[in-house]
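Reproduced below: work_26.cif, with mmCIF, C-alpha atoms and all ligand atoms.
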data_structure
#
loop_
_atom_site.group_PDB
_atom_site.id
_atom_site.type_symbol
_atom_site.label_atom_id
_atom_site.label_comp_id
_atom_site.auth_asym_id
_atom_site.auth_seq_id
_atom_site.Cartn_x
_atom_site.Cartn_y
_atom_site.Cartn_z
ATOM 1 C CA MET P 1 -6.216 200.019 97.561
ATOM 2 C CA SER P 2 -9.184 197.696 97.731
ATOM 3 C CA GLY P 3 -11.804 198.680 100.253
ATOM 4 C CA LEU P 4 -13.500 198.359 103.598
ATOM 5 C CA PHE P 5 -16.476 196.436 104.861
ATOM 6 C CA ILE P 6 -18.506 198.499 107.316
ATOM 7 C CA THR P 7 -20.701 196.478 109.619
ATOM 8 C CA ALA P 8 -22.281 197.295 112.989
ATOM 9 C CA THR P 9 -23.466 195.747 116.203
ATOM 10 C CA ASP P 10 -27.087 196.106 115.075
ATOM 11 C CA THR P 11 -29.357 197.839 112.616
ATOM 12 C CA ASP P 12 -29.694 201.631 112.978
ATOM 13 C CA VAL P 13 -26.302 202.058 114.656
ATOM 14 C CA GLY P 14 -24.825 204.307 111.968
ATOM 15 C CA LYS P 15 -23.253 202.209 109.173
ATOM 16 C CA THR P 16 -24.678 204.497 106.490
ATOM 17 C CA VAL P 17 -23.557 207.665 108.248
ATOM 18 C CA ILE P 18 -20.030 206.344 108.879
ATOM 19 C CA THR P 19 -19.702 204.897 105.358
ATOM 20 C CA GLY P 20 -20.834 208.264 103.984
ATOM 21 C CA ALA P 21 -18.488 210.219 106.246
ATOM 22 C CA ILE P 22 -15.428 208.124 105.307
ATOM 23 C CA ALA P 23 -16.400 208.321 101.622
ATOM 24 C CA ALA P 24 -16.828 212.112 101.808
ATOM 25 C CA ALA P 25 -13.433 212.516 103.484
ATOM 26 C CA LEU P 26 -11.698 210.303 100.901
ATOM 27 C CA ARG P 27 -13.397 212.171 98.077
ATOM 28 C CA THR P 28 -12.229 215.481 99.534
ATOM 29 C CA ARG P 29 -8.707 214.018 99.535
ATOM 30 C CA LYS P 30 -9.180 213.417 95.794
ATOM 31 C CA ILE P 31 -9.329 209.655 96.218
ATOM 32 C CA HIS P 32 -11.558 207.864 93.679
ATOM 33 C CA VAL P 33 -13.806 206.248 96.252
ATOM 34 C CA GLY P 34 -16.834 204.099 95.469
ATOM 35 C CA VAL P 35 -19.613 202.846 97.700
ATOM 36 C CA MET P 36 -21.887 199.827 97.728
ATOM 37 C CA LYS P 37 -24.929 198.674 99.680
ATOM 38 C CA PRO P 38 -25.211 195.178 98.193
ATOM 39 C CA LEU P 39 -28.690 194.480 99.585
ATOM 40 C CA ALA P 40 -31.172 196.790 101.251
ATOM 41 C CA SER P 41 -34.624 196.310 102.699
ATOM 42 C CA GLY P 42 -37.194 198.835 103.829
ATOM 43 C CA GLY P 43 -36.927 200.606 100.457
ATOM 44 C CA VAL P 44 -39.000 203.706 99.693
ATOM 45 C CA THR P 45 -40.739 204.810 96.495
ATOM 46 C CA ASP P 46 -39.074 207.810 94.840
ATOM 47 C CA GLN P 47 -40.738 210.575 92.811
ATOM 48 C CA PHE P 48 -40.599 208.393 89.674
ATOM 49 C CA GLY P 49 -42.250 205.438 91.367
ATOM 50 C CA ASN P 50 -39.017 203.431 91.712
ATOM 51 C CA LEU P 51 -38.210 201.484 94.838
ATOM 52 C CA VAL P 52 -34.976 202.927 96.223
ATOM 53 C CA ALA P 53 -32.807 202.454 99.289
ATOM 54 C CA GLU P 54 -32.262 205.638 101.281
ATOM 55 C CA ASP P 55 -28.916 204.214 102.436
ATOM 56 C CA ALA P 56 -27.738 204.115 98.817
ATOM 57 C CA THR P 57 -28.937 207.690 98.265
ATOM 58 C CA PHE P 58 -26.947 208.889 101.284
ATOM 59 C CA ILE P 59 -23.677 207.105 100.524
ATOM 60 C CA MET P 60 -23.842 207.915 96.784
ATOM 61 C CA LYS P 61 -24.285 211.597 97.563
ATOM 62 C CA ALA P 62 -21.414 211.532 100.052
ATOM 63 C CA ALA P 63 -19.097 209.804 97.566
ATOM 64 C CA GLY P 64 -20.258 211.920 94.611
ATOM 65 C CA ILE P 65 -21.570 208.908 92.673
ATOM 66 C CA ALA P 66 -24.098 209.643 89.911
ATOM 67 C CA GLU P 67 -27.711 208.464 90.139
ATOM 68 C CA SER P 68 -27.098 206.424 86.965
ATOM 69 C CA GLU P 69 -24.887 204.070 89.030
ATOM 70 C CA ARG P 70 -27.608 203.251 91.545
ATOM 71 C CA SER P 71 -28.253 199.736 90.232
ATOM 72 C CA LEU P 72 -24.571 198.904 90.784
ATOM 73 C CA VAL P 73 -24.272 200.613 94.146
ATOM 74 C CA ASN P 74 -27.412 198.858 95.326
ATOM 75 C CA PRO P 75 -28.220 195.855 93.130
ATOM 76 C CA LEU P 76 -31.117 194.694 95.298
ATOM 77 C CA CYS P 77 -33.628 196.834 97.172
ATOM 78 C CA LEU P 78 -36.541 195.131 98.874
ATOM 79 C CA ALA P 79 -39.670 196.874 100.140
ATOM 80 C CA PRO P 80 -40.446 195.146 103.458
ATOM 81 C CA ALA P 81 -38.479 196.426 106.434
ATOM 82 C CA LEU P 82 -37.360 192.891 107.288
ATOM 83 C CA THR P 83 -34.041 191.104 107.144
ATOM 84 C CA PRO P 84 -33.257 190.605 103.411
ATOM 85 C CA ALA P 85 -33.803 186.824 103.406
ATOM 86 C CA VAL P 86 -37.323 187.276 104.763
ATOM 87 C CA ALA P 87 -38.058 190.488 102.848
ATOM 88 C CA ALA P 88 -37.158 188.643 99.611
ATOM 89 C CA THR P 89 -39.205 185.558 100.448
ATOM 90 C CA VAL P 90 -42.367 187.518 101.226
ATOM 91 C CA SER P 91 -41.826 189.528 98.023
ATOM 92 C CA ASN P 92 -41.419 186.315 95.938
ATOM 93 C CA ILE P 93 -37.918 187.365 94.968
ATOM 94 C CA GLU P 94 -34.908 185.035 94.850
ATOM 95 C CA VAL P 95 -31.686 186.625 96.047
ATOM 96 C CA ASN P 96 -28.892 185.856 93.580
ATOM 97 C CA MET P 97 -25.765 186.281 95.710
ATOM 98 C CA PRO P 98 -23.279 185.288 92.932
ATOM 99 C CA ALA P 99 -24.776 188.029 90.711
ATOM 100 C CA ILE P 100 -24.436 190.583 93.504
ATOM 101 C CA ILE P 101 -20.833 189.529 94.132
ATOM 102 C CA LYS P 102 -20.072 189.884 90.396
ATOM 103 C CA ILE P 103 -21.371 193.473 90.548
ATOM 104 C CA TYR P 104 -19.140 194.051 93.584
ATOM 105 C CA GLN P 105 -16.130 192.809 91.580
ATOM 106 C CA ASP P 106 -16.975 195.125 88.679
ATOM 107 C CA LEU P 107 -17.408 198.117 90.996
ATOM 108 C CA ALA P 108 -14.164 197.272 92.820
ATOM 109 C CA LYS P 109 -12.324 197.510 89.479
ATOM 110 C CA LYS P 110 -13.868 200.887 88.765
ATOM 111 C CA TYR P 111 -13.448 202.503 92.182
ATOM 112 C CA GLN P 112 -10.468 202.336 94.504
ATOM 113 C CA PRO P 113 -11.249 201.977 97.333
ATOM 114 C CA LEU P 114 -14.770 200.577 97.466
ATOM 115 C CA LEU P 115 -16.598 200.984 100.776
ATOM 116 C CA VAL P 116 -19.229 198.295 101.331
ATOM 117 C CA GLU P 117 -21.994 198.893 103.847
ATOM 118 C CA GLY P 118 -23.386 195.792 105.517
ATOM 119 C CA VAL P 119 -26.975 195.049 106.416
ATOM 120 C CA GLY P 120 -28.186 194.993 110.016
ATOM 121 C CA GLY P 121 -25.656 193.138 112.177
ATOM 122 C CA ILE P 122 -23.099 190.457 111.366
ATOM 123 C CA THR P 123 -25.487 187.481 111.370
ATOM 124 C CA ALA P 124 -28.311 189.103 109.402
ATOM 125 C CA PRO P 125 -29.662 186.469 106.967
ATOM 126 C CA LEU P 126 -29.327 187.678 103.370
ATOM 127 C CA TRP P 127 -30.788 184.666 101.617
ATOM 128 C CA GLN P 128 -31.929 181.404 103.204
ATOM 129 C CA ASP P 129 -29.024 180.490 105.559
ATOM 130 C CA TYR P 130 -26.451 182.701 103.846
ATOM 131 C CA LEU P 131 -25.629 185.388 106.411
ATOM 132 C CA LEU P 132 -23.993 188.787 106.176
ATOM 133 C CA VAL P 133 -20.844 187.246 107.671
ATOM 134 C CA ASP P 134 -20.697 184.798 104.735
ATOM 135 C CA LEU P 135 -20.566 187.756 102.365
ATOM 136 C CA MET P 136 -17.883 189.380 104.529
ATOM 137 C CA VAL P 137 -15.797 186.193 104.299
ATOM 138 C CA GLU P 138 -16.259 186.047 100.504
ATOM 139 C CA LEU P 139 -15.244 189.671 99.967
ATOM 140 C CA SER P 140 -12.355 189.439 102.447
ATOM 141 C CA LEU P 141 -12.134 193.202 102.977
ATOM 142 C CA PRO P 142 -10.798 194.757 106.174
ATOM 143 C CA VAL P 143 -13.746 195.095 108.564
ATOM 144 C CA ILE P 144 -14.828 198.103 110.600
ATOM 145 C CA VAL P 145 -17.494 197.667 113.275
ATOM 146 C CA VAL P 146 -19.691 200.651 114.122
ATOM 147 C CA THR P 147 -20.985 200.583 117.684
ATOM 148 C CA ARG P 148 -23.256 202.596 119.951
ATOM 149 C CA PRO P 149 -21.804 204.519 122.886
ATOM 150 C CA ASN P 150 -24.550 203.599 125.341
ATOM 151 C CA LEU P 151 -25.705 200.802 127.638
ATOM 152 C CA GLY P 152 -25.430 197.310 126.118
ATOM 153 C CA THR P 153 -22.703 198.195 123.673
ATOM 154 C CA ILE P 154 -19.926 196.213 125.431
ATOM 155 C CA ASN P 155 -21.856 192.994 124.992
ATOM 156 C CA HIS P 156 -22.891 193.718 121.389
ATOM 157 C CA THR P 157 -19.400 194.810 120.367
ATOM 158 C CA VAL P 158 -17.506 191.947 121.992
ATOM 159 C CA LEU P 159 -19.891 189.369 120.532
ATOM 160 C CA THR P 160 -19.629 190.897 117.064
ATOM 161 C CA VAL P 161 -15.825 190.986 117.121
ATOM 162 C CA GLU P 162 -15.547 187.469 118.547
ATOM 163 C CA TYR P 163 -17.971 186.027 115.994
ATOM 164 C CA ALA P 164 -16.067 187.709 113.181
ATOM 165 C CA ARG P 165 -12.860 186.127 114.538
ATOM 166 C CA GLN P 166 -14.525 182.740 114.794
ATOM 167 C CA ARG P 167 -15.282 183.038 111.080
ATOM 168 C CA GLY P 168 -11.639 183.886 110.337
ATOM 169 C CA LEU P 169 -12.175 187.617 109.914
ATOM 170 C CA LYS P 170 -10.044 190.260 111.494
ATOM 171 C CA VAL P 171 -11.750 193.417 112.695
ATOM 172 C CA ALA P 172 -9.415 196.272 111.753
ATOM 173 C CA GLY P 173 -11.143 198.890 113.831
ATOM 174 C CA ILE P 174 -14.153 200.023 115.812
ATOM 175 C CA ILE P 175 -15.926 203.359 115.419
ATOM 176 C CA ILE P 176 -18.228 204.579 118.171
ATOM 177 C CA ASN P 177 -21.057 206.565 116.599
ATOM 178 C CA GLY P 178 -23.255 209.196 118.207
ATOM 179 C CA TRP P 179 -20.677 210.264 120.774
ATOM 180 C CA ASN P 180 -21.698 213.505 122.443
ATOM 181 C CA GLU P 181 -18.562 214.877 124.095
ATOM 182 C CA ASN P 182 -20.514 217.343 126.264
ATOM 183 C CA GLU P 183 -22.748 214.677 127.689
ATOM 184 C CA VAL P 184 -20.533 211.620 128.078
ATOM 185 C CA GLY P 185 -20.179 210.281 131.591
ATOM 186 C CA ILE P 186 -18.922 207.178 133.339
ATOM 187 C CA LEU P 187 -21.176 204.960 131.219
ATOM 188 C CA GLU P 188 -19.749 205.990 127.843
ATOM 189 C CA LYS P 189 -16.163 206.334 129.092
ATOM 190 C CA SER P 190 -16.138 202.921 130.748
ATOM 191 C CA ASN P 191 -17.775 201.397 127.663
ATOM 192 C CA GLU P 192 -14.894 202.681 125.570
ATOM 193 C CA VAL P 193 -12.304 201.312 128.001
ATOM 194 C CA TYR P 194 -13.951 197.884 128.226
ATOM 195 C CA ILE P 195 -14.486 197.617 124.474
ATOM 196 C CA THR P 196 -10.793 198.281 123.843
ATOM 197 C CA ARG P 197 -9.616 195.946 126.584
ATOM 198 C CA LEU P 198 -11.928 193.059 125.762
ATOM 199 C CA THR P 199 -11.615 193.154 121.980
ATOM 200 C CA GLN P 200 -8.020 194.395 121.578
ATOM 201 C CA VAL P 201 -9.280 196.195 118.483
ATOM 202 C CA PRO P 202 -8.297 199.845 118.021
ATOM 203 C CA ILE P 203 -11.003 202.477 118.261
ATOM 204 C CA LEU P 204 -10.606 204.538 115.086
ATOM 205 C CA GLY P 205 -12.773 207.374 116.271
ATOM 206 C CA LYS P 206 -15.799 208.577 118.173
ATOM 207 C CA PHE P 207 -18.116 210.181 115.674
ATOM 208 C CA PRO P 208 -20.288 212.944 117.131
ATOM 209 C CA TYR P 209 -24.033 213.168 117.233
ATOM 210 C CA SER P 210 -25.071 215.842 114.721
ATOM 211 C CA SER P 211 -28.635 217.114 114.515
ATOM 212 C CA LYS P 212 -28.093 217.951 110.824
ATOM 213 C CA ILE P 213 -27.487 214.263 110.128
ATOM 214 C CA GLY P 214 -30.653 213.308 111.999
ATOM 215 C CA GLU P 215 -32.633 215.829 109.952
ATOM 216 C CA GLY P 216 -31.122 214.463 106.734
ATOM 217 C CA ASN P 217 -29.702 217.753 105.490
ATOM 218 C CA ILE P 218 -25.958 217.451 105.920
ATOM 219 C CA GLU P 219 -23.646 218.407 103.054
ATOM 220 C CA GLY P 220 -20.809 216.177 101.892
ATOM 221 C CA SER P 221 -18.274 218.843 102.847
ATOM 222 C CA GLU P 222 -19.561 218.893 106.430
ATOM 223 C CA LEU P 223 -19.527 215.082 106.617
ATOM 224 C CA ALA P 224 -15.940 215.106 105.354
ATOM 225 C CA ARG P 225 -14.975 217.706 107.947
ATOM 226 C CA LEU P 226 -16.495 215.625 110.756
ATOM 227 C CA ALA P 227 -14.678 212.515 109.513
ATOM 228 C CA GLU P 228 -11.346 214.362 109.358
ATOM 229 C CA GLU P 229 -11.855 215.788 112.847
ATOM 230 C CA TYR P 230 -13.240 212.774 114.675
ATOM 231 C CA LEU P 231 -12.042 209.702 112.776
ATOM 232 C CA GLN P 232 -8.443 208.604 112.333
ATOM 233 C CA MET P 233 -8.582 209.011 108.570
ATOM 234 C CA ASP P 234 -4.847 208.424 108.014
ATOM 235 C CA LYS P 235 -5.094 205.143 109.892
ATOM 236 C CA ILE P 236 -8.247 204.187 107.991
ATOM 237 C CA ILE P 237 -6.400 204.824 104.712
ATOM 238 C CA SER P 238 -3.464 202.695 105.840
ATOM 239 C CA ILE P 239 -5.895 199.882 106.745
ATOM 240 C CA ILE P 240 -7.342 200.139 103.227
ATOM 241 C CA GLU P 241 -3.844 200.129 101.726
ATOM 242 C CA ARG P 242 -2.779 197.101 103.746
ATOM 243 C CA GLY P 243 -5.734 195.370 102.146
ATOM 244 C CA SER P 244 -7.093 191.927 102.632
ATOM 245 C CA ASN P 245 -8.518 190.481 105.780
ATOM 246 C CA ASP P 246 -5.724 188.377 107.251
ATOM 247 C CA GLU P 247 -5.732 187.517 110.939
HETATM 248 N N1 LIG V 301 -23.816 210.712 114.269
HETATM 249 C C1 LIG V 301 -25.128 210.851 114.089
HETATM 250 N N2 LIG V 301 -25.767 211.989 114.411
HETATM 251 C C2 LIG V 301 -27.102 212.129 114.234
HETATM 252 N N3 LIG V 301 -27.888 211.175 113.722
HETATM 253 C C3 LIG V 301 -27.304 210.010 113.355
HETATM 254 C C4 LIG V 301 -25.909 209.790 113.518
HETATM 255 N N4 LIG V 301 -25.624 208.546 113.088
HETATM 256 C C5 LIG V 301 -26.783 208.010 112.680
HETATM 257 N N5 LIG V 301 -27.792 208.885 112.828
HETATM 258 C C6 LIG V 301 -29.203 208.657 112.478
HETATM 259 O O1 LIG V 301 -29.583 207.420 113.050
HETATM 260 C C7 LIG V 301 -30.299 206.631 112.118
HETATM 261 C C8 LIG V 301 -29.565 205.322 111.861
HETATM 262 O O2 LIG V 301 -28.314 205.592 111.243
HETATM 263 P P1 LIG V 301 -27.859 204.776 109.948
HETATM 264 O O3 LIG V 301 -28.918 204.817 108.923
HETATM 265 O O4 LIG V 301 -26.516 205.269 109.557
HETATM 266 O O5 LIG V 301 -27.779 203.309 110.598
HETATM 267 P P2 LIG V 301 -27.448 201.933 109.854
HETATM 268 O O6 LIG V 301 -26.592 201.144 110.764
HETATM 269 O O7 LIG V 301 -26.897 202.237 108.515
HETATM 270 O O8 LIG V 301 -28.877 201.251 109.719
HETATM 271 P P3 LIG V 301 -29.325 200.046 108.702
HETATM 272 O O9 LIG V 301 -29.097 198.787 109.449
HETATM 273 O O10 LIG V 301 -30.771 200.353 108.472
HETATM 274 O O11 LIG V 301 -28.512 200.172 107.463
HETATM 275 C C9 LIG V 301 -30.491 207.495 110.880
HETATM 276 O O12 LIG V 301 -31.722 208.174 110.954
HETATM 277 C C10 LIG V 301 -29.357 208.496 110.962
HETATM 278 O O13 LIG V 301 -29.660 209.728 110.338
HETATM 279 MG MG MG V 302 -27.682 201.768 106.681
#
Re-express the file's structure as structure tokens.
Ligand SMILES: Nc1ncnc2c1ncn2[C@@H]1O[C@H](COP(=O)(O)OP(=O)(O)OP(=O)(O)O)[C@@H](O)[C@H]1O
Ligand SMILES: [Mg+2]
Amino acid sequence: MSGLFITATDTDVGKTVITGAIAAALRTRKIHVGVMKPLASGGVTDQFGNLVAEDATFIMKAAGIAESERSLVNPLCLAPALTPAVAATVSNIEVNMPAIIKIYQDLAKKYQPLLVEGVGGITAPLWQDYLLVDLMVELSLPVIVVTRPNLGTINHTVLTVEYARQRGLKVAGIIINGWNENEVGILEKSNEVYITRLTQVPILGKFPYSSKIGEGNIEGSELARLAEEYLQMDKIISIIERGSNDE
């Protein structure tokens, strides 16, 4: 077992929720799962005055990772809600990618598998001209793309998958997030059909919209249940077991 890299077609699509849901399901299956958000921006100040990433809080809770591991789970948290390269520059901080990758390697030895949440979309600049996709290539983990169900998603999903391929990465699966089975119509259904046909990447699940998630008060057990019901967890585990990102 090594891990998964969870990216998305854009920011705010649901990487954190899906990473947390997969982690919660693996944990419930007694798998020693770890999580990482290598860089985060838009950090918030916690009760002790520390700058923290809410994404890290969510995925750590879902995976059952102690607060003491936060600096490994999320080695860099920047305050401005900007892409990391710009957030770092305006904060007078230099992003040390080799140091972050070393922390990833240490965490990957400790936890099997390690789920890594991306930042924004696939070309988000992390530092100068080093993009998220460059990190994905370096880590060489199987990639999952989280997409929206609604208008515009065909374009965003196809471009993301094709760009990943252009960079030598294979996308192992797509997860549609925020799928509301009672409300889906021709738009969502045809999006799903086109995404499958145009990318030839399997859809590993349609994760439902849950108001509890939106309100930020969902328990790990409930997240795990949703993942088991709506995601193809056995297939996700076999993707993890197959390992590295070979086209
Ligand atoms: N299935 C869902 N049901 C209800 N709310 C959701 C769901 N998925 C995501 N959300 C909400 O939508 C917002 C964006 O989701 P999330 O934080 O997972 O996106 P992201 O892709 O990780 O964003 P970022 O690029 O900032 O890391 C959050 O407020 C989250 O609670
Ligand atoms: Mg996130």
Exercise. For this file, the PyMOL selection byres (((not hetatm)) within 12 of (chain V and resi 302)) selects which residues, as a ChimeraX atom specification?
Worked result: /P:6-8,10-20,36-43,53-59,74,116-121,146
For the residues selected in the previous step, produce a file with C-alpha atoms as a short mmCIF file (atom, residue, chain, number, x, y, z; two decimals), keeping the file's coordinate frame.
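Below is the file out03.cif, written as the result:
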data_model
loop_
_atom_site.label_atom_id
_atom_site.label_comp_id
_atom_site.auth_asym_id
_atom_site.auth_seq_id
_atom_site.Cartn_x
_atom_site.Cartn_y
_atom_site.Cartn_z
CA ILE P 6 -18.51 198.50 107.32
CA THR P 7 -20.70 196.48 109.62
CA ALA P 8 -22.28 197.30 112.99
CA ASP P 10 -27.09 196.11 115.08
CA THR P 11 -29.36 197.84 112.62
CA ASP P 12 -29.69 201.63 112.98
CA VAL P 13 -26.30 202.06 114.66
CA GLY P 14 -24.82 204.31 111.97
CA LYS P 15 -23.25 202.21 109.17
CA THR P 16 -24.68 204.50 106.49
CA VAL P 17 -23.56 207.66 108.25
CA ILE P 18 -20.03 206.34 108.88
CA THR P 19 -19.70 204.90 105.36
CA GLY P 20 -20.83 208.26 103.98
CA MET P 36 -21.89 199.83 97.73
CA LYS P 37 -24.93 198.67 99.68
CA PRO P 38 -25.21 195.18 98.19
CA LEU P 39 -28.69 194.48 99.58
CA ALA P 40 -31.17 196.79 101.25
CA SER P 41 -34.62 196.31 102.70
CA GLY P 42 -37.19 198.84 103.83
CA GLY P 43 -36.93 200.61 100.46
CA ALA P 53 -32.81 202.45 99.29
CA GLU P 54 -32.26 205.64 101.28
CA ASP P 55 -28.92 204.21 102.44
CA ALA P 56 -27.74 204.12 98.82
CA THR P 57 -28.94 207.69 98.26
CA PHE P 58 -26.95 208.89 101.28
CA ILE P 59 -23.68 207.10 100.52
CA ASN P 74 -27.41 198.86 95.33
CA VAL P 116 -19.23 198.30 101.33
CA GLU P 117 -21.99 198.89 103.85
CA GLY P 118 -23.39 195.79 105.52
CA VAL P 119 -26.98 195.05 106.42
CA GLY P 120 -28.19 194.99 110.02
CA GLY P 121 -25.66 193.14 112.18
CA VAL P 146 -19.69 200.65 114.12
#
Write out as lines of an AutoDock Vina configuration file an axis-aligned box for ligand LIG 301 (chain V): all of its atoms listed in the file, 8 Å added on each side, centre and edge lengths in Å with one decimal.
center_x = -27.8
center_y = 205.5
center_z = 110.9
size_x = 23.9
size_y = 29.3
size_z = 22.9
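The space between CA of Thr160 in chain P and CA of Val145 in chain P spans 8.0 Å.
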Problem set entry | Reference answer for the PyMOL selection byres (((chain P and resi 186-190) around 10) and not hetatm), as a PyMOL selection string | chain P and resi 148-151+153-154+176+179-181+183-185+191-196
For this session: Please identify all polymer residues within 12 Å of Ser91 in chain P, counting all atoms listed in the file, omitting same-chain residues fewer than 5 positions from it, and present them as a list in words.
Result: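 My list of contacting residues is Ser41, Gly42, Cys77, Leu78, Ala79, Pro80, Ala81, Leu82, Pro84, Ala85 and Val86 of chain P.
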At a cut-off of 12 Å, using all atoms listed in the file, what residues contact Arg225 in chain P? Leave out same-chain residues fewer than 6 positions from it and give the result as a JSON list (two decimals) with C-alpha atoms, keeping the file's coordinate frame.
[["chain", "number", "residue", "atom", "x", "y", "z"],
["P", 20, "GLY", "CA", -20.83, 208.26, 103.98],
["P", 21, "ALA", "CA", -18.49, 210.22, 106.25],
["P", 22, "ILE", "CA", -15.43, 208.12, 105.31],
["P", 23, "ALA", "CA", -16.40, 208.32, 101.62],
["P", 24, "ALA", "CA", -16.83, 212.11, 101.81],
["P", 25, "ALA", "CA", -13.43, 212.52, 103.48],
["P", 26, "LEU", "CA", -11.70, 210.30, 100.90],
["P", 27, "ARG", "CA", -13.40, 212.17, 98.08],
["P", 28, "THR", "CA", -12.23, 215.48, 99.53],
["P", 29, "ARG", "CA", -8.71, 214.02, 99.54],
["P", 62, "ALA", "CA", -21.41, 211.53, 100.05],
["P", 207, "PHE", "CA", -18.12, 210.18, 115.67],
["P", 208, "PRO", "CA", -20.29, 212.94, 117.13],
["P", 218, "ILE", "CA", -25.96, 217.45, 105.92],
["P", 219, "GLU", "CA", -23.65, 218.41, 103.05],
["P", 231, "LEU", "CA", -12.04, 209.70, 112.78],
["P", 233, "MET", "CA", -8.58, 209.01, 108.57]]
Exercise. In terms of the shortest atom-to-atom distance over only C-alpha atoms, which of P:Thr123, P:Ser210, P:Gln112, P:Thr147 is closest to Gly173 in chain P?
Worked result: P:Thr147
Problem set entry | Residues selected by the PyMOL selection byres (((chain P and resi 239) around 10) and not hetatm), written as an MDAnalysis selection string | chainID P and resid 1:4 141:144 172:173 233:238 240:245
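Proximity ranking of P:Asn96, P:Asn177, P:Thr89, P:Thr83 relative to Leu132 in chain P places P:Thr83 first, based on all atoms listed in the file.
The space between CA of Glu69 in chain P and CA of Ile31 in chain P spans 18.0 Å.
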Exercise. Which of these, P:Ile122, P:Leu139, P:Ala164, P:Ala99, has the shortest distance to ligand LIG 301 (chain V) once you count only C-alpha atoms and all ligand atoms?
Worked result: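 The closest residue to ligand LIG 301 (chain V) is P:Ile122.
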Problem set entry | Spatial neighbours of Met97 in chain P, 10 Å, all atoms listed in the file, chain gap at least 4 places, as number ranges by chain | P: 38-39, 76, 101-103, 126-127, 130, 135
For this session: Find the residue from P:Val137, P:Ala87, P:Leu226, P:Leu51 that sits nearest to Tyr209 in chain P; use all atoms listed in the file when measuring.
Result: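 Of the candidates, the smallest distance to Tyr209 in chain P is held by P:Leu226.
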For this session: Measure the distance from CA of Val161 in chain P to CA of Val201 in chain P in Å and round it to one decimal.
Result: 8.5 Å
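Comparing P:Ala227, P:Ile213, P:Ala88, P:Leu169 by their smallest distance to ligand LIG 301 (chain V), the closest is P:Ile213 (using all atoms listed in the file).
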For this session: Measuring atom to atom with all atoms listed in the file, identify which of P:Val171, P:Ala124, P:Leu204, P:Leu114 is nearest to ligand LIG 301 (chain V).
Result: P:Ala124
Problem set entry | Surrounding residues of Leu107 in chain P excluding itself and chain neighbours under 5 positions, 8 Å, only C-alpha atoms, as a ChimeraX atom specification | /P:34,72-73,114
